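For reference, the structure is listed below as C-alpha cells.
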Amino acid sequence: MLPLLGLCLALPFCAGSLEEVQSWGDTSEQVALRVPRQVRLLQRLKTKPLMTEFSVKSTIISRYAFTTVACRLLNRASEDQEITFQMQIPAAAFITNFTMLIGDKVYQGEITEKEKKNGDKVKEKRNKTTEVSGEKGTETFRASVVLPSKDKAAFLLSYEELLQRRLGKYEHVVSVRPQQLVGRLTVEVTILERSGIAALEVLGLQNSRRQGSGRGQDDSGPPPSTVINQNETFAKVVFKPTVVQQAKIAQNGILGDFIIRYDVNREQSIGDIQVLNGYFVHYFAPKDLPPLPKNVVFVLDSSASMVGTKLRQTKDALFTILHDLRPQDRFNIIGFSNRVKVWKDHLVSVTPNNIRDGKVYIHHMSPTGGTDINGALQRGIRLLNDFVAHNDIEDRSVSLVIFLTDGKPTAGETHTPKILNNTREAARGRVCIFTVGIGADVDFKLLEMLSLENCGLTRHVHEDHDARAQLIGFYDEIRTPLLSDIRVDYPPGLVEHATRTLFPNYFNGSEIIIAGKLVDKEMDRLHVEVTASNSKKFVVLKKDVPVEPRRMGNDVPGSPRPKGGGQEHPNHLERLWSYLTLKELLSSWLQSDEQPERERLRQEVQALAVNHRFLAPFTSMTLKSAPRTETLEDAYGTSAATGPEMVMQSLRGAHLQPGPALKKPYNPRIKVSKTSADGDPHFVVDFPLSNLTVCFNIDGQPGHILRLVSDHADSGVTVNGELIGAPAPPNGHKKQRTYFRTITILVNKPERSYLEITPTRVIVDGGDRLVLPCNQSAAVGSQGLEVSVSANAKVTIAIQGNVAFVILLHLYKKPAPYQRNHLGFYVANGQGLSGNCHGLLGQFLNQEARLTGLGKSPAHPSVPETGERSEAVLEVKGHQVPVVWKQRKIYNGEEQVDCWFARNNAANLIDGEYKDYLAAHPFDSETTFGPGTSRGL
C-alpha cells in the first residue's frame with residue numbers, strides 16, 4: 001500500500017471546481033508538560049528528518065525552461081515518522097512528473113484524466129497561505145509520506161514553463177527553501193539561445209520574487225559559490241554552497257529565490273522564427289519605435305480597508321507614475337469607495353500644473369466607506385470612450401484603465417458575473433484594464449477575469465512587501481506602448497494549429513510569442529506578415545523566412561514519458577507549442593459562459609494535457625508502484641535531478657536509423673590501443689613506433705569538463721569528458737576521487753552530429769535524435785558515423801572509417817562510498833585525426849617519443865625488472881620530462897600495462913597546464929592550442 005498521507009498543489013485556475021483535500025494535523029511527538037522546553041526542543045531537533053541533498057537542475061532552451069528538483073531525506077528517529085517534501089514553483093509552470101523513492105520502493109507519477117475519486121492521487125486545492133496569483137507568483141507543491149525509522153526517501157519533481165519577457169529581460173526563478181542546512185545543495189541552470197545571450201545577470205538571493213520597479217539593478221551580486229560559464233549562445237550557472245556558506249547566508253538553512261535574468265540578441269524586422277521537426281515558434285519584440293500616446297485613467301480604491309500603509313504606499317507610487325507620463329499622454333484620476341469621485345470630467349493633457357493638481361487630489365484622498373468596483377470601472381471606461389470619440393480618429397493611441405483595490409465588491413453591483421458582463425460590454429475591446437490586487441482580502445479571481453476579458457494584465461501586491469516598488473514595477477511594464485492592433489499572418493495552407501495571432505497592444509520590453517505546426521515539414525520558406533498601428537502610421541512587415549528544419553532549433557526531451565506508449569521524447573518547440581496552446585484553451589474556458597462551449601474546451605484541455613503530460617485542471621497525477629531499475633537509480637544518484645538531457649543542436653542531413661539489435665553482446669575484454677583515460681582518471685598514451693607507453697594523472701575537480709581530443713578545424717572531431725566526484729578510499733593520500741560521468745563527441749564532417757554517452761544511455765543526434773539504453777545491445781549508422789552498444793559493457797564510435805573510440809561502462813551493483821558508475825575512454829583508431837590534433841590525449845596521437853638516461857643506449861634503454869624503481873627522462877614534442885617506471889591497470893582493471901609515469905599533473909609533458917584543457921560546456925569545440933581557433937555550435 002502506498003504510504004501516502006497527502007499531496008497537494010495550488011493552481012491558479014478554476015479554484016472552485018477543484019477537489020478539496022483535508023488538511024493534515026501536526027504529527028510531531030507529544031511531550032508531557034513537565035518536560036522542560038529546552039528538552040522538548042532537543043527532542044524535536046534529534047528526530048527532525050535530515051535533508052541530505054537538495055538539487056535543482058534547469059535547462060532553458062529558447063526561453064522554454066525544463067526544471068527538475070531532487071531531494072533526499074533521512075528519518076533519524078527511532079520510530080516511523082511523517083516527512084514532507086515542499087517546493088514552490090512558478091504559478092505559470094505546469095508539473096510534468098513526480099517520483100518518490102521510499103526505502104526500496106519506487107512510486108512513479110502518471111498523468112491521467114481527472115476523476116473525483118480513483119485511488120491515491122495528487123490532489124489539487126487552493127492554499128490561501130501560499131496563493132500568489134499572477135504570473136510572477138508561486139504555487140506550493142507538497143507531498144507527505146510516512147517513512148520507516150532509519151530509512152531514506154527521495155523525491156523528484158519536474159515542471160516546465162515558458163519564460164515571459166518583462167522590462168527587457170527574461171527571469172528564471174528557482175525556489176531554494178530546504179529549511180535546514182544541507183550537505184549537498186546545488187542549483188544548476190543551463191541556458192541555450194540560438195540567437196545569442198545578452199545581459200546575463202545572477203541576482204543575490206531574494207526573500208521575495210516581486211522585485212520592485214526593475215529600474216535599478218540588484219547590486220549585491222551572485223550569492224557565494226556561484227560559478228558562471230558563458231559564451232555567445234550558451235551559459236551555465238552553478239550555485240553550490242558548502243554547509244558553512246549556507247550557514248553564513250542563514251543559520252537555519254537558505255530561504256530565498258535564486259534568480260537569473262537575461263535577454264537575447266534579436267533581429268528587429270519580422271522577429272526570430274525557429275523550426276524543428278514540423279513545429280515552429282515566432283518571437284516578435286521590436287524596439288526603437290516611437291511610443292504610442294496613452295489615454296490612461298487611474299482608478300484608486302479609497303474604501304475604509306485601505307487605511308494605513310496600503311493607501312500611503314499606493315499614493316507614493318502614483319506620485320512617481322504621474323511624473324513618468326509623457327507630454328503626448330492624457331490622464332485622469334478616480335477615487336472610489338461606496339461613492340465614485342472623479343477628479344476631472346474629462347481626460348487632461350500632461351502639463352506641470354496638471355501633474356501638480358493631480359498629486360494634490362490624490363494626497364487628499366481619505367479612506368472611508370465600502371467598495372463599488374462596478375461603478376468605478378464604468379466611470380473610468382466612459383471617460384476613455386468619450387475622449388476617443390471626440391478626438392481625431394487618425395490620432396492613434398492606447399486606452400488603459402489602471403485599477404487598484406484591496407477588497408471585494410461591497411457597494412453598488414456586487415454580483416461578480418454582472419460586474420464582468422457590464423465591464424466587457426462597456427470596454428468592447430477598445431479599453432484594456434490592468435488590475436492590481438493589494439493585500440490578502442482582495443477578490444483576485446474577479447480582478448484576474450476583468451483583465452483576462454479586457455486585454456490587460458493582473459498583479460498581486462502584498463501588504464508586507466514594498467507595495468510602492470511593486471506598483472511602479474507593474475506600471476513600468478506598460479508605460480511604453482509601441483504598437484496596437486497587431487496581427488500576424490501565415491499562409492493558411494502551410495501553417496495549422498497556430499496559437500493566438502491577434503494582440504491588442506505591444507509594450508516595450510515585452511515579447512509576442514506564436515507557435516504552430518507546419519503542414520509540410522520539408523518546406524524551405526515561410527511567408528510572414530505583421531500588421532499593426534504605430535502612432536499615426538499603419539505598419540506592415542512582410543518577409544519570406546528561410547526554413548531549415550534539420551539545422552535549426554534544439555532537440556530536448558521533456559519529462560519522462562510512460563513506457564510502451566510509442567511516443568518518443570518531443571522536441572522543445574513541440575513542448576512550447578503545447579504549453580502555449582494549453583494556456584490559451586484554459587483562458588478561453590475561463591471566459592466562456594456557454595455550457596456546451598465550456599465542455600468542449602474542457603475536453604480539449606484534458607486531452608492535450610494528458611497527451612503531453614501536464615498536470616493541469618481536469619487532469620490528475622496517480623502514483624503507481626514501479627520497479628526500482630538501475631536507470632532510475634543512476635539518473636538520480638549521479639547527477640541528482642538531471643532534468644532534460646541537453647543536445648545543443650539538431651543536425652542537417654544525417655538521418656540516423658536504428659539497426660537490428662545485436663544477437664550477441666560484444667566481449668567486454670576489448671583489444672584496442674592503450675591510449676586512454678579511465679578510472680580516477682588515469683591517462684595512458686601509447687607510442688607504438690617508439691615502443692614506449694607513457695602515463696600520467698590529472699587531479700581534476702567535480703563538474704570540470706576536460707578536452708580529451710580537439711581536432712575541430714581539421715578532421716572535425718572533438719571529445720570532451722565531464723568529471724563527477726566521490727570520496728577517497730580510506731587510508732589513502734587523496735582527498736577525493738574523480739571519474740568521467742559523461743563523454744560527449746562532436747563530429748562536424750561531413751554532417752554535424754552530437755553524441756552524449758553516460759553509464760545508462762547514449763544520445764545520438766544527427767538530424768534525427770535517438771536514445772539508446774546501455775543495458776541493451778544495439779547498432780545505428782549513417783553518413784560515415786557508426787554507433788554500437790554492447791549491453792552493460794561498452795560503446796564503440798566509428799567515424800569515417802579512420803577514427804574510432806571505445807567507451808567502457810563501469811557499473812557497480814553495490815558500489816562502495818568511493819565508487820561511482822563511470823566511463824573509460826579509449827582511442828581505438830586515430831589515423832584520421834590530423835597532425836594539428838590536440839587535447840589531453842589528442843596531442844600525442846601523431847608523435848614519437850624517446851627515452852634517455854637509462855641503460856647503456858639512450859635510444860634503446862633497458863626495461864627495468866618488475867618491482868625495480870627506475871627513473872629516466874622522456875623526450876616528446878621537444879619537451880624533456882622526468883619519468884618513473886610504473887605499472888597500471890586498464891581495460892576494466894583486467895589487464896596491466898607497464899608505463900613511464902610523468903608526475904605533478906603531467907607538468908612539462910602536456911602543452912600548457914591543466915586549466916588550458918577545461919571546456920566551457922560539454923559540446924564546446926573551441927581550440928586552445930594550434931593554428932587558429934574555432935568555436936563549437
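Within each chain, counting starts at residue 1; across the C-alpha cells, chains are named A, B, ... in the order shown, with ligands numbered 1 upward in that order.
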| task | Would you kindly return, as a ChimeraX atom specification, each protein, DNA or RNA residue with an atom no farther than 6 Å from any atom of stretch 282-294 of chain A, considering only C-alpha atoms and excluding same-chain residues fewer than 5 positions away? | result | /A:268,271-273,328-329,397-398,480-482,511-514,535
Keeping N, CA, C and O atoms, export the residues of the selection given above as a short mmCIF file (atom, residue, chain, number, x, y, z; two decimals), in the first residue's frame.
```
data_model
loop_
_atom_site.label_atom_id
_atom_site.label_comp_id
_atom_site.auth_asym_id
_atom_site.auth_seq_id
_atom_site.Cartn_x
_atom_site.Cartn_y
_atom_site.Cartn_z
N GLN A 268 15.54 43.05 -35.72
CA GLN A 268 14.48 43.99 -35.42
C GLN A 268 13.39 44.05 -36.49
O GLN A 268 12.52 44.90 -36.43
N GLY A 271 11.21 39.52 -36.67
CA GLY A 271 11.39 38.72 -35.47
C GLY A 271 12.19 37.46 -35.74
O GLY A 271 12.72 37.24 -36.82
N ASP A 272 12.27 36.60 -34.73
CA ASP A 272 13.06 35.37 -34.80
C ASP A 272 12.11 34.19 -34.93
O ASP A 272 11.21 34.01 -34.11
N ILE A 273 12.31 33.39 -35.99
CA ILE A 273 11.48 32.20 -36.21
C ILE A 273 12.37 30.97 -36.16
O ILE A 273 13.36 30.89 -36.87
N GLN A 328 2.65 63.66 -24.67
CA GLN A 328 1.56 63.33 -25.59
C GLN A 328 0.47 62.49 -24.93
O GLN A 328 -0.56 62.19 -25.56
N ASP A 329 0.67 62.06 -23.67
CA ASP A 329 -0.32 61.25 -22.97
C ASP A 329 -1.48 62.11 -22.46
O ASP A 329 -1.37 63.34 -22.35
N SER A 397 -3.93 55.89 -30.53
CA SER A 397 -3.47 55.88 -29.14
C SER A 397 -3.96 54.61 -28.48
O SER A 397 -4.74 53.84 -29.04
N VAL A 398 -3.52 54.40 -27.25
CA VAL A 398 -3.88 53.22 -26.46
C VAL A 398 -4.64 53.69 -25.23
O VAL A 398 -4.17 54.59 -24.52
N THR A 480 5.24 52.09 -21.87
CA THR A 480 5.65 52.47 -23.22
C THR A 480 5.00 51.57 -24.26
O THR A 480 5.60 50.58 -24.72
N PRO A 481 3.75 51.84 -24.66
CA PRO A 481 3.17 51.08 -25.76
C PRO A 481 3.79 51.49 -27.09
O PRO A 481 3.92 52.68 -27.38
N LEU A 482 4.22 50.51 -27.88
CA LEU A 482 4.85 50.79 -29.17
C LEU A 482 3.94 50.47 -30.35
O LEU A 482 4.03 51.12 -31.40
N GLU A 511 7.28 40.78 -25.17
CA GLU A 511 7.52 39.95 -26.35
C GLU A 511 6.23 39.25 -26.74
O GLU A 511 5.43 38.84 -25.88
N ILE A 512 6.00 39.15 -28.02
CA ILE A 512 4.88 38.39 -28.56
C ILE A 512 5.42 37.04 -29.04
O ILE A 512 6.41 36.99 -29.78
N ILE A 513 4.78 35.96 -28.62
CA ILE A 513 5.23 34.61 -28.98
C ILE A 513 4.08 33.85 -29.61
O ILE A 513 2.98 33.78 -29.05
N ILE A 514 4.32 33.30 -30.78
CA ILE A 514 3.34 32.48 -31.50
C ILE A 514 4.00 31.16 -31.85
O ILE A 514 5.14 31.12 -32.29
N SER A 535 1.68 54.96 -33.67
CA SER A 535 1.45 56.40 -33.69
C SER A 535 0.46 56.72 -34.79
O SER A 535 -0.65 56.19 -34.81
#
```
Excluding A:Gly456 and its own-chain neighbours fewer than 4 positions away, which residues fall within 10 Å of it when counting only C-alpha atoms? Please give them as a list in words.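 Listing them by chain and then by number gives Leu400, Val401, Ile402, Val431, Cys432, Ile433, Phe434, Thr435, Glu448, Met449, Leu450, Ser451, Leu452, Ile478, Pro504 and Asn505 of chain A.
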Original post:
Near A:Ser753, counting only C-alpha atoms, which residues have an atom at most 7 Å away, once you skip same-chain residues fewer than 4 positions from it, shown as a list in words?
Top reply: Leu651, Leu746, Val747, Asn748, Asp765 and Gly766 of chain A
Using only C-alpha atoms: which of A:Ser269, A:Gln819, A:Gln245, A:Ser588 has the shortest distance to A:Lys543: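 The shortest atom-to-atom distance to A:Lys543 comes from A:Ser269.
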- Query: Distance atom CA of A:Phe94-atom CA of A:Glu574, one decimal place?
  - Reply: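 Computing it gives 14.8 Å between the two atoms.
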| said: Residues of stretch 294-336 of chain A classed as strand (DSSP E or B) by DSSP on the backbone are to be reported as a list in words. | reply: Lys294, Asn295, Val296, Val297, Phe298, Val299, Leu300, Asp301, Arg330, Phe331, Asn332, Ile333, Ile334, Gly335 and Phe336 of chain A
Write out, as a CSV table (one decimal), in the first residue's frame, the residues just selected, with C-alpha atoms.
```csv
chain,number,residue,atom,x,y,z
A,294,LYS,CA,-1.5,56.7,-23.8
A,295,ASN,CA,-5.0,57.6,-22.6
A,296,VAL,CA,-4.9,56.4,-19.0
A,297,VAL,CA,-7.4,56.6,-16.1
A,298,PHE,CA,-6.0,55.7,-12.7
A,299,VAL,CA,-8.9,54.2,-10.6
A,300,LEU,CA,-7.9,54.0,-6.9
A,301,ASP,CA,-9.7,52.3,-4.1
A,330,ARG,CA,-3.7,62.1,-21.5
A,331,PHE,CA,-4.9,61.1,-18.0
A,332,ASN,CA,-7.5,61.3,-15.3
A,333,ILE,CA,-7.9,60.1,-11.7
A,334,ILE,CA,-10.9,58.4,-10.0
A,335,GLY,CA,-11.1,57.6,-6.3
A,336,PHE,CA,-13.9,55.3,-5.2
```
Quick one: residues within 8 Å of A:Leu601, only C-alpha atoms, excluding same-chain residues fewer than 3 positions away - as a PyMOL selection string?
chain A and resi 585-586+588-589+597-598+604-605
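Excluding A:Thr84 itself and same-chain residues fewer than 3 positions from it, the residues having an atom within 7 Å of it are A:Arg142, A:Ala143, A:Ser144, A:Val145, counting only C-alpha atoms.
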Tell me which of A:Leu318, A:Val540, A:Val388, A:Val461 sits closest to A:Asp485, counting only C-alpha atoms.
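Going through A:Leu318, A:Val540, A:Val388, A:Val461 one by one, the smallest distance to A:Asp485 is for A:Val540.
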Q) Distance atom CA of A:Thr52-atom CA of A:Val69, one decimal place? A)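 One can read the atom CA of A:Thr52 to atom CA of A:Val69 distance as 13.7 Å.
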A straight line from atom CA of A:Ile745 to atom CA of A:Pro688 spans 25.1 Å
- Message: Let's see if you can do this: from backbone DSSP, list all alpha helix (DSSP H) residues in stretch 264-387 of chain A, as JSON, numbers by chain.
- Response: {"A": [309, 310, 311, 312, 313, 314, 315, 316, 317, 318, 319, 320, 321, 322, 323, 324, 352, 353, 354, 355, 356, 357, 358, 359, 360, 361, 362, 363, 373, 374, 375, 376, 377, 378, 379, 380, 381, 382, 383, 384, 385, 386, 387]}
Review point. Which is closer to A:His838 than all the others in A:Thr138, A:Thr186, A:Asn231, A:Ser925, using only C-alpha atoms?
Key: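 Smallest distance to A:His838 is found for A:Ser925.
Between A:Ile249 and the residues A:Pro224, A:Gly168, A:Pro773, A:Gly380, the shortest atom-to-atom distance, using only C-alpha atoms, involves A:Pro224.
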Using only C-alpha atoms, the residue out of A:Leu845, A:Leu325, A:Tyr826, A:Glu453 with shortest distance to A:Val348 is A:Leu325
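The smallest atom-to-atom distance between A:Thr619 and any of A:Arg850, A:Arg602, A:Leu692, A:Ala376, using only C-alpha atoms, is found for A:Arg602.
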Item checked: Contacts of A:Thr693 within 7 Å, only C-alpha atoms, excl. fewer than 6 positions in-chain, as JSON, numbers by chain -> {"A": [685, 686, 687, 899, 900]}
